[in-house]
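Here's the structure, in structure tokens; my notes come after.
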Amino acid sequence: MAFAEVLNRFADMDIVGVMERVTDTDVRRALANRVPSVEDYLALLSPAAAGLLEPMAQQAQQLTLQHFGRTIHLFTPLYLSNYCTNQCVYCGFNTCNGIRRAKLDDAQIRREGEAIAATGLKNLLLLTGEAPKKASVEYIGNAARLLRDLFPSIGVEIFALTEEEYAHLVACGVDSFTLFQETYNPALYADLHPGGPKRDFAFRLDAPERACKAGMRVVNIGALLGLDEWRRDAFFTGLHIAYLQRTYPQTDFAISIPRMRPHAGAFQPTSVVSDRELVQIMLAQRIFLPRCGLTLSTREPAELRDHLIPLGVTRMSAGVCTAVGGHADADETEGQFEISDPRSVDEMCAVIRSKGYQPVFKDWEPLEGAAGAV
Amino acid sequence: MEHSNNNDPLVIGGTELQSRLFTGTGKYGSDAVIPDVCRASGSQVITVALRRVDMHAATGNVMQHIPKHMQLLPNTSGARDADEAIRIARLARAAGCGNWIKIEVISDNRYLLPDGYETARATEVLAREGFVVLPYMNPDLYVARDLVNAGASAVMPLGAPIGTNRGIRTKEMIGILIEEIDLPIVVDAGIGKPSEACEAMEMGADACLVNTAIATAGDPVAMGEAFGAAVRAGRQAFLAKAGPVLSGSASASSPLTGFLGA
């Protein structure tokens with residue numbers, strides 16, 4: 001069974017309408033359950049739960065401490081290429097946008113990697129647009145090989161691949177996968193992706209599962225909050241993780257909670273997620289999925305990020321530049337989106353420590369170096 | 001720290017330990033507190049996930065915070081099968097972490113329960129290579145016997161799933177291991193309060209490993225000290241042999257043997 005079948009079960013259900021009928025008592029019951037059910041998760045995302053954020057926060061903090069301790073894992077993205085054949089109406093890399101396009105060559109990749117490694121970071125996320133003729137799976141795998149000695153952990157946030165292609169990246173030293181479904185609403189998805197290979201909703205929906213099968217150690221998913229009614233997409237993101245956790249118990253999972261940001265192009269968010277609502281989503285996800293990582297990007301402003309640290313976040317980006325070549329070269333391209341927290345790695349570490357948490361740089365040891373396979 | 005049972009060492013892999021509390025390095029808000037926890041708790045064995053060790057880092061390397069006198073117990077956190085555990089163990093030894101290894105083979109990231117079959121497989125290979133192997137395990141008698149045969153130097157049954165602080169939920173099963181297995185029994189995982197560590201020691205466990213309950217306490221140093229005291233008290237109580245616990249109300253009559261007369 002694939003997650004599409006789970007999604008289909010809810011196809012005729014008015015999720016938002018059901019959430020509006022949730023009562024204060026339902027939310028309190030959800031908080032009292034040791035193992036929250038899907039119904040409990042739905043209650044925690046409801047308007048009624050918005051009035052109970054403090055008890056939710058207390059519980060979320062407790063669960064996070066128990067499972068992750070006082071630690072925040074740090075990573076940063078490296079944009080390899082911004083060529084793209086897709087027409088995602090909300091994205092700065094949209095093929096129709098007249099931005100400068102660039103792709104790093106081997107020497108530039110190495111230079112970017114060295115510039116990032118000099119900040120002390122050990123966990124790198126490689127990104128590209130979807131243009132396999134410009135930035136193929138082989139090109140991305142080669143980039144991973146070029147950077148292996150600098151970063152014990154390398155992730156990819158690229159276009160959806162086949163299982164064999166993911167396995168190729170794993171063989172090149174990639175150990176984590178990030179991919180956003182953007183929205184779990186198939187009709188809206190079609191509207192938002194009028195052209196390009198990304199139009200294939202089902203192929204993208206199954207990509208995390210293919211990544212698990214190919215041996216990725218960490219699989220990070222998310223919806224771009226604001227594209228659709230956020231309650232719906234947050235609900236399905238949680239269900240997606242729950243499905244993957246049950247099906248692939250050997251894989252670690254994480255959720256990102258990106259909100260729409262200003263970018264090149266005219267599209268503006270259809271729904272706006274307020275700070276309170278963002279917090280509610282985070283807390284509901286932590287309570288429903290206590291062992292799932294929670295990734296917070298620099299899309300969010302510095303002050304808000306600082307407040308969110310004790311509420312369940314486990315992974316944060318730092319020292320971020322969303323432009324191709326932006327870490328080593330002054331002559332960079334436009335970014336994919338505008339970041340709101342431009343702080344350096346050192347500055348982020350200082351803030352994390354001031355909150356009583358420990359910034360963690362390294363959390364994996366590549367095994368190829370070990371003597372003799374058995 | 002004073003050790004009250006100096007004539008009662010725990011011997012694992014030929015090493016004599018005065019403290020029966022093992023500690024960890026994960027989940028701390030700052031690794032800088034680790035030396036104080038070691039001192040306050042009296043612990044002499046500390047486990048560290050190799051995945052987190054960064055020998056090349058100028059700062060931020062957990063190893064810099066581990067006092068030199070501690071017996072290092074690197075663990076194979078992140079291993080999903082025996083092969084990965086074996087590779088991690090070899091990397092740990094090559095990185096200068098010594099030849100003790102705590103085998104953790106976990107391919108269920110929801111409950112973090114250990115895989116007994118793969119654990120035994122890794123134990124056999126590593127024991128043959130000269131490692132002092134301490135496998136983390138479900139308290140299952142058959143798995144424990146396999147681990148004995150595989151060359152383990154101790155077994156580390158879980159009290160409850162890792163990080164849950166739920167206490168010794170597997171008490172009956174750990175009791176069976178204490179009775180049947182001749183290796184040291186180190187109760188690992190699930191111990192949330194000093195009273196629970198004390199309970200494990202009173203039962204006859206040889207040692208306890210406590211990480212989450214210390215690392216996530218409001219005051220990890222004070223909690224470390226409390227655990228150190230609890231483990232010593234529990235051990236002392238075990239050695240002192242508790243008086244019998246009577247069930248029901250006491251009765252002066254002897255309904256079954258009264259016919260024998262006084």
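Here's how to read the names in the structure tokens: chain A, B, ... by the order shown, residue numbers from 1 in each chain, ligand numbers from 1 in the order shown.
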I'd like the contact shell of range 301-304 of chain A - 10 Å cut-off, only C-alpha atoms, skipping same-chain residues fewer than 6 positions apart - returned as a PyMOL selection string. chain A and resi 275+279+339-343+348+351
Counting only C-alpha atoms, a student should be able to say which residues of chain B come within 7 Å of chain A; what is the right answer, written as a list in words?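 Using only C-alpha atoms, chain B residues at most 7 Å from chain A: Lys27, Tyr28, Gly29, Ser30, Arg51, Arg52, Asp54, Arg80, Asp83, Arg87, Ile88, Arg90, Leu91, Ser107, Asp108, Asn109, Arg110, Gly163, Thr164, Thr212 and Thr216 of chain B.
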Closest to Ile178 in chain B among B:Pro157, B:Pro194, B:Ala57, B:Gly234, using only C-alpha atoms?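 Looking only at the distances to Ile178 in chain B, the closest residue turns out to be B:Pro157.
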Can you list every residue in range 195-278 of chain A that DSSP puts in strand (DSSP E), as a VMD selection string? chain A and resid 218 to 223 252 to 256
Please indicate the distance in Å from CA of Lys198 in chain A to CA of Glu112 in chain A, rounded to one decimal place.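 Distance reported for this atom pair: 27.7 Å.
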Show me, as a list in words, the residues that have an atom within 8 Å of Ala197 in chain B when counting only C-alpha atoms, minus same-chain residues fewer than 5 positions from it.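 So the residues in contact are Ile191, Cys208, Phe227, Ala230, Val231 and Gly234 of chain B.
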How would the residues just chosen look if you wrote them out with N, CA, C and O atoms as a compact mmCIF listing (two decimals), in the first residue's frame?
# COMPACT_ATOMS: atom_id res chain seq x y z
N ILE B 191 15.58 3.95 32.75
CA ILE B 191 15.63 4.36 34.16
C ILE B 191 15.45 5.88 34.24
O ILE B 191 16.26 6.63 33.70
N CYS B 208 24.08 -0.05 36.36
CA CYS B 208 23.03 0.64 35.59
C CYS B 208 23.68 1.65 34.67
O CYS B 208 24.68 2.28 35.04
N PHE B 227 21.97 9.84 41.35
CA PHE B 227 22.02 8.50 40.77
C PHE B 227 23.20 7.71 41.32
O PHE B 227 23.10 6.51 41.59
N ALA B 230 22.21 6.50 44.66
CA ALA B 230 21.15 5.48 44.58
C ALA B 230 21.73 4.13 44.17
O ALA B 230 21.34 3.08 44.71
N VAL B 231 22.64 4.15 43.21
CA VAL B 231 23.24 2.90 42.75
C VAL B 231 24.08 2.28 43.87
O VAL B 231 24.02 1.06 44.11
N GLY B 234 21.63 0.85 46.44
CA GLY B 234 20.99 -0.37 45.94
C GLY B 234 21.94 -1.56 46.01
O GLY B 234 21.56 -2.67 46.40
Considering only C-alpha atoms, return as a list of chain:residue names whatever protein or nucleic-acid residues lie within 10 Å of Pro258 in chain A, sequence-local ones (same chain, fewer than 3 positions apart) excluded. A:Phe180, A:Glu182, A:Gly222, A:Ala223, A:Leu224, A:Leu225, A:Gly226, A:Ile255, A:Arg261, A:Val273, A:Leu278, A:Thr295, A:Leu296, A:Ser297, A:Thr298, A:Arg299, A:Glu300
Write the residues of the selection above to a file with N, CA, C and O atoms, as an mmCIF file, in the first residue's frame.
data_model
loop_
_atom_site.group_PDB
_atom_site.id
_atom_site.type_symbol
_atom_site.label_atom_id
_atom_site.label_comp_id
_atom_site.auth_asym_id
_atom_site.auth_seq_id
_atom_site.Cartn_x
_atom_site.Cartn_y
_atom_site.Cartn_z
ATOM 1 N N PHE A 180 9.678 18.417 -0.664
ATOM 2 C CA PHE A 180 8.371 18.898 -0.219
ATOM 3 C C PHE A 180 7.298 18.523 -1.235
ATOM 4 O O PHE A 180 7.485 18.734 -2.437
ATOM 5 N N GLU A 182 4.731 20.103 -1.380
ATOM 6 C CA GLU A 182 4.171 21.452 -1.609
ATOM 7 C C GLU A 182 2.722 21.498 -1.131
ATOM 8 O O GLU A 182 2.407 22.210 -0.201
ATOM 9 N N GLY A 222 7.646 17.850 3.723
ATOM 10 C CA GLY A 222 6.907 19.008 4.201
ATOM 11 C C GLY A 222 5.959 19.511 3.129
ATOM 12 O O GLY A 222 6.023 19.090 1.974
ATOM 13 N N ALA A 223 5.069 20.402 3.549
ATOM 14 C CA ALA A 223 4.201 21.105 2.610
ATOM 15 C C ALA A 223 4.584 22.575 2.679
ATOM 16 O O ALA A 223 5.048 23.043 3.725
ATOM 17 N N LEU A 224 4.429 23.257 1.561
ATOM 18 C CA LEU A 224 4.724 24.688 1.558
ATOM 19 C C LEU A 224 3.468 25.398 2.076
ATOM 20 O O LEU A 224 2.472 25.546 1.358
ATOM 21 N N LEU A 225 3.538 25.788 3.320
ATOM 22 C CA LEU A 225 2.340 26.252 4.010
ATOM 23 C C LEU A 225 1.898 27.610 3.463
ATOM 24 O O LEU A 225 2.689 28.544 3.404
ATOM 25 N N GLY A 226 0.659 27.667 3.079
ATOM 26 C CA GLY A 226 0.128 28.882 2.478
ATOM 27 C C GLY A 226 -0.395 28.637 1.066
ATOM 28 O O GLY A 226 -1.216 29.397 0.570
ATOM 29 N N ILE A 255 10.199 16.662 9.570
ATOM 30 C CA ILE A 255 9.228 17.514 8.874
ATOM 31 C C ILE A 255 9.798 18.924 8.801
ATOM 32 O O ILE A 255 10.344 19.421 9.790
ATOM 33 N N ARG A 261 7.322 32.594 1.206
ATOM 34 C CA ARG A 261 8.137 33.801 1.353
ATOM 35 C C ARG A 261 8.051 34.618 0.075
ATOM 36 O O ARG A 261 7.789 34.065 -0.995
ATOM 37 N N VAL A 273 -0.161 31.866 6.989
ATOM 38 C CA VAL A 273 -0.004 31.198 8.280
ATOM 39 C C VAL A 273 0.604 32.197 9.256
ATOM 40 O O VAL A 273 1.732 32.658 9.061
ATOM 41 N N LEU A 278 1.710 28.873 13.059
ATOM 42 C CA LEU A 278 2.934 28.102 12.813
ATOM 43 C C LEU A 278 3.316 27.322 14.076
ATOM 44 O O LEU A 278 3.669 26.139 14.026
ATOM 45 N N THR A 295 12.395 20.512 11.293
ATOM 46 C CA THR A 295 13.401 21.359 10.657
ATOM 47 C C THR A 295 12.860 22.766 10.472
ATOM 48 O O THR A 295 11.754 22.945 9.964
ATOM 49 N N LEU A 296 13.655 23.735 10.885
ATOM 50 C CA LEU A 296 13.231 25.138 10.765
ATOM 51 C C LEU A 296 14.267 25.881 9.930
ATOM 52 O O LEU A 296 15.441 25.935 10.293
ATOM 53 N N SER A 297 13.812 26.465 8.820
ATOM 54 C CA SER A 297 14.748 27.111 7.898
ATOM 55 C C SER A 297 14.844 28.607 8.178
ATOM 56 O O SER A 297 14.124 29.156 9.019
ATOM 57 N N THR A 298 15.728 29.231 7.421
ATOM 58 C CA THR A 298 15.917 30.682 7.579
ATOM 59 C C THR A 298 14.863 31.479 6.819
ATOM 60 O O THR A 298 15.009 32.685 6.665
ATOM 61 N N ARG A 299 13.826 30.780 6.327
ATOM 62 C CA ARG A 299 12.680 31.532 5.827
ATOM 63 C C ARG A 299 12.061 32.351 6.954
ATOM 64 O O ARG A 299 11.402 33.346 6.715
ATOM 65 N N GLU A 300 12.219 31.830 8.172
ATOM 66 C CA GLU A 300 11.611 32.502 9.319
ATOM 67 C C GLU A 300 12.570 33.543 9.894
ATOM 68 O O GLU A 300 13.776 33.337 9.917
#
Quick check for you: according to DSSP on this backbone, which residues of range 6-98 of chain B are classed as helix (DSSP H, G or I)? Reply as number ranges by chain. B: 31-41, 50-52, 62-65, 82-94
Can you tell me, as a ChimeraX atom specification, what residues are no more than 8 Å from Ala205 in chain B when counting only C-alpha atoms, ignoring any on the same chain fewer than 2 positions away? /B:178,184-187,200-203,207-208
Calculated over only C-alpha atoms, which of the candidates A:Cys91, A:Val38, A:Met1, A:Leu147 has the smallest distance to Ile116 in chain A?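 Smallest separation from Ile116 in chain A among the options: A:Leu147.
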If we count only C-alpha atoms, what is near Thr170 in chain B at a cut-off of 10 Å, once residues fewer than 4 positions away on the same chain are taken out, given as a list of chain:residue names?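 My list of contacting residues is B:Asn138, B:Pro139, B:Asp140, B:Pro157, B:Leu158, B:Gly159, B:Ala160, B:Pro161, B:Ile174, B:Gly175, B:Gly190.
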Produce a table with one row for each residue of range 176-274 of chain A that has an atom at most 10 Å from any atom of range 40-48 of chain A, each row naming the nearest atom pair and its distance in Å at one decimal; use only C-alpha atoms; arrange rows by chain and rising residue number; format as a tab-separated table.
residue	atom	partner	partner_atom	distance
A:Trp230	CA	A:Leu45	CA	9.6
A:Arg231	CA	A:Leu45	CA	6.4
A:Arg232	CA	A:Leu45	CA	9.0
A:Ala234	CA	A:Leu45	CA	7.9
A:Phe235	CA	A:Leu42	CA	6.6
A:Phe236	CA	A:Leu42	CA	9.8
A:Gly238	CA	A:Tyr41	CA	8.2
A:Leu239	CA	A:Tyr41	CA	9.1
One decimal, Å: what's the distance from CA of Ile214 in chain B over to CA of Arg93 in chain B, could you say?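 It comes out at 26.9 Å.
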Quick one: distance from CA of Tyr136 in chain B to CA of Cys38 in chain B in Å, one decimal?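 Taking CA of Tyr136 in chain B as the start and CA of Cys38 in chain B as the end point, the length is 21.7 Å.
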Need to verify the contact set: Ala143 in chain A, 9 Å, only C-alpha atoms, exclusion of same-chain residues closer than 6 positions in sequence. Can you return it as a PDB file with all heavy atoms, in the first residue's frame?
ATOM      1  N   LEU A  80      23.607  24.146  -6.099  1.00  0.00           N
ATOM      2  CA  LEU A  80      24.494  23.728  -7.189  1.00  0.00           C
ATOM      3  C   LEU A  80      24.103  24.375  -8.504  1.00  0.00           C
ATOM      4  O   LEU A  80      24.948  24.706  -9.337  1.00  0.00           O
ATOM      5  CB  LEU A  80      24.430  22.207  -7.366  1.00  0.00           C
ATOM      6  CG  LEU A  80      24.998  21.342  -6.241  1.00  0.00           C
ATOM      7  CD1 LEU A  80      24.655  19.884  -6.503  1.00  0.00           C
ATOM      8  CD2 LEU A  80      26.506  21.525  -6.130  1.00  0.00           C
ATOM      9  N   ASP A 105      30.712  24.428 -11.546  1.00  0.00           N
ATOM     10  CA  ASP A 105      31.558  23.343 -12.046  1.00  0.00           C
ATOM     11  C   ASP A 105      32.303  22.710 -10.860  1.00  0.00           C
ATOM     12  O   ASP A 105      32.159  23.156  -9.715  1.00  0.00           O
ATOM     13  CB  ASP A 105      32.529  23.849 -13.129  1.00  0.00           C
ATOM     14  CG  ASP A 105      33.498  24.914 -12.611  1.00  0.00           C
ATOM     15  OD1 ASP A 105      33.781  24.914 -11.387  1.00  0.00           O
ATOM     16  OD2 ASP A 105      33.972  25.739 -13.413  1.00  0.00           O
ATOM     17  N   ASP A 106      33.106  21.696 -11.151  1.00  0.00           N
ATOM     18  CA  ASP A 106      33.764  20.953 -10.063  1.00  0.00           C
ATOM     19  C   ASP A 106      34.558  21.875  -9.130  1.00  0.00           C
ATOM     20  O   ASP A 106      34.476  21.761  -7.904  1.00  0.00           O
ATOM     21  CB  ASP A 106      34.720  19.899 -10.643  1.00  0.00           C
ATOM     22  CG  ASP A 106      33.964  18.694 -11.190  1.00  0.00           C
ATOM     23  OD1 ASP A 106      32.707  18.756 -11.208  1.00  0.00           O
ATOM     24  OD2 ASP A 106      34.610  17.715 -11.587  1.00  0.00           O
ATOM     25  N   ILE A 109      32.249  23.957  -7.026  1.00  0.00           N
ATOM     26  CA  ILE A 109      31.591  23.144  -5.988  1.00  0.00           C
ATOM     27  C   ILE A 109      32.545  22.977  -4.806  1.00  0.00           C
ATOM     28  O   ILE A 109      32.184  23.169  -3.641  1.00  0.00           O
ATOM     29  CB  ILE A 109      31.192  21.753  -6.550  1.00  0.00           C
ATOM     30  CG1 ILE A 109      30.041  21.897  -7.547  1.00  0.00           C
ATOM     31  CG2 ILE A 109      30.808  20.797  -5.418  1.00  0.00           C
ATOM     32  CD1 ILE A 109      29.738  20.625  -8.326  1.00  0.00           C
ATOM     33  N   ARG A 110      33.775  22.664  -5.131  1.00  0.00           N
ATOM     34  CA  ARG A 110      34.779  22.454  -4.097  1.00  0.00           C
ATOM     35  C   ARG A 110      34.997  23.746  -3.300  1.00  0.00           C
ATOM     36  O   ARG A 110      35.081  23.731  -2.081  1.00  0.00           O
ATOM     37  CB  ARG A 110      36.077  21.989  -4.787  1.00  0.00           C
ATOM     38  CG  ARG A 110      37.162  21.498  -3.894  1.00  0.00           C
ATOM     39  CD  ARG A 110      36.804  20.231  -3.151  1.00  0.00           C
ATOM     40  NE  ARG A 110      37.703  20.098  -2.003  1.00  0.00           N
ATOM     41  CZ  ARG A 110      37.643  19.177  -1.073  1.00  0.00           C
ATOM     42  NH1 ARG A 110      36.690  18.269  -1.092  1.00  0.00           N
ATOM     43  NH2 ARG A 110      38.498  19.147  -0.085  1.00  0.00           N
ATOM     44  N   LEU A 126      22.534  19.620  -0.529  1.00  0.00           N
ATOM     45  CA  LEU A 126      22.753  20.026  -1.921  1.00  0.00           C
ATOM     46  C   LEU A 126      21.412  20.296  -2.599  1.00  0.00           C
ATOM     47  O   LEU A 126      20.492  19.482  -2.497  1.00  0.00           O
ATOM     48  CB  LEU A 126      23.482  18.921  -2.693  1.00  0.00           C
ATOM     49  CG  LEU A 126      24.869  18.527  -2.194  1.00  0.00           C
ATOM     50  CD1 LEU A 126      25.399  17.344  -3.000  1.00  0.00           C
ATOM     51  CD2 LEU A 126      25.823  19.718  -2.282  1.00  0.00           C
ATOM     52  N   CYS A 172      26.970   7.353  -3.787  1.00  0.00           N
ATOM     53  CA  CYS A 172      27.911   8.487  -3.898  1.00  0.00           C
ATOM     54  C   CYS A 172      28.151   9.152  -2.543  1.00  0.00           C
ATOM     55  O   CYS A 172      28.913  10.119  -2.445  1.00  0.00           O
ATOM     56  CB  CYS A 172      27.374   9.530  -4.867  1.00  0.00           C
ATOM     57  SG  CYS A 172      27.349   8.971  -6.571  1.00  0.00           S
TER      58      CYS A 172
END
I need the residue nearest Val155 in chain B from this list: B:Ile86, B:Ile181, B:Ile168, B:Leu50. Use only C-alpha atoms for the distance.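 Going through B:Ile86, B:Ile181, B:Ile168, B:Leu50 one by one, the smallest distance to Val155 in chain B is for B:Ile181.
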Proximity to Gly204 in chain B - best of B:Asp182, B:Glu16, B:Glu104, B:Asp81, only C-alpha atoms: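 Counting only C-alpha atoms, the residue closest to Gly204 in chain B is B:Asp182.
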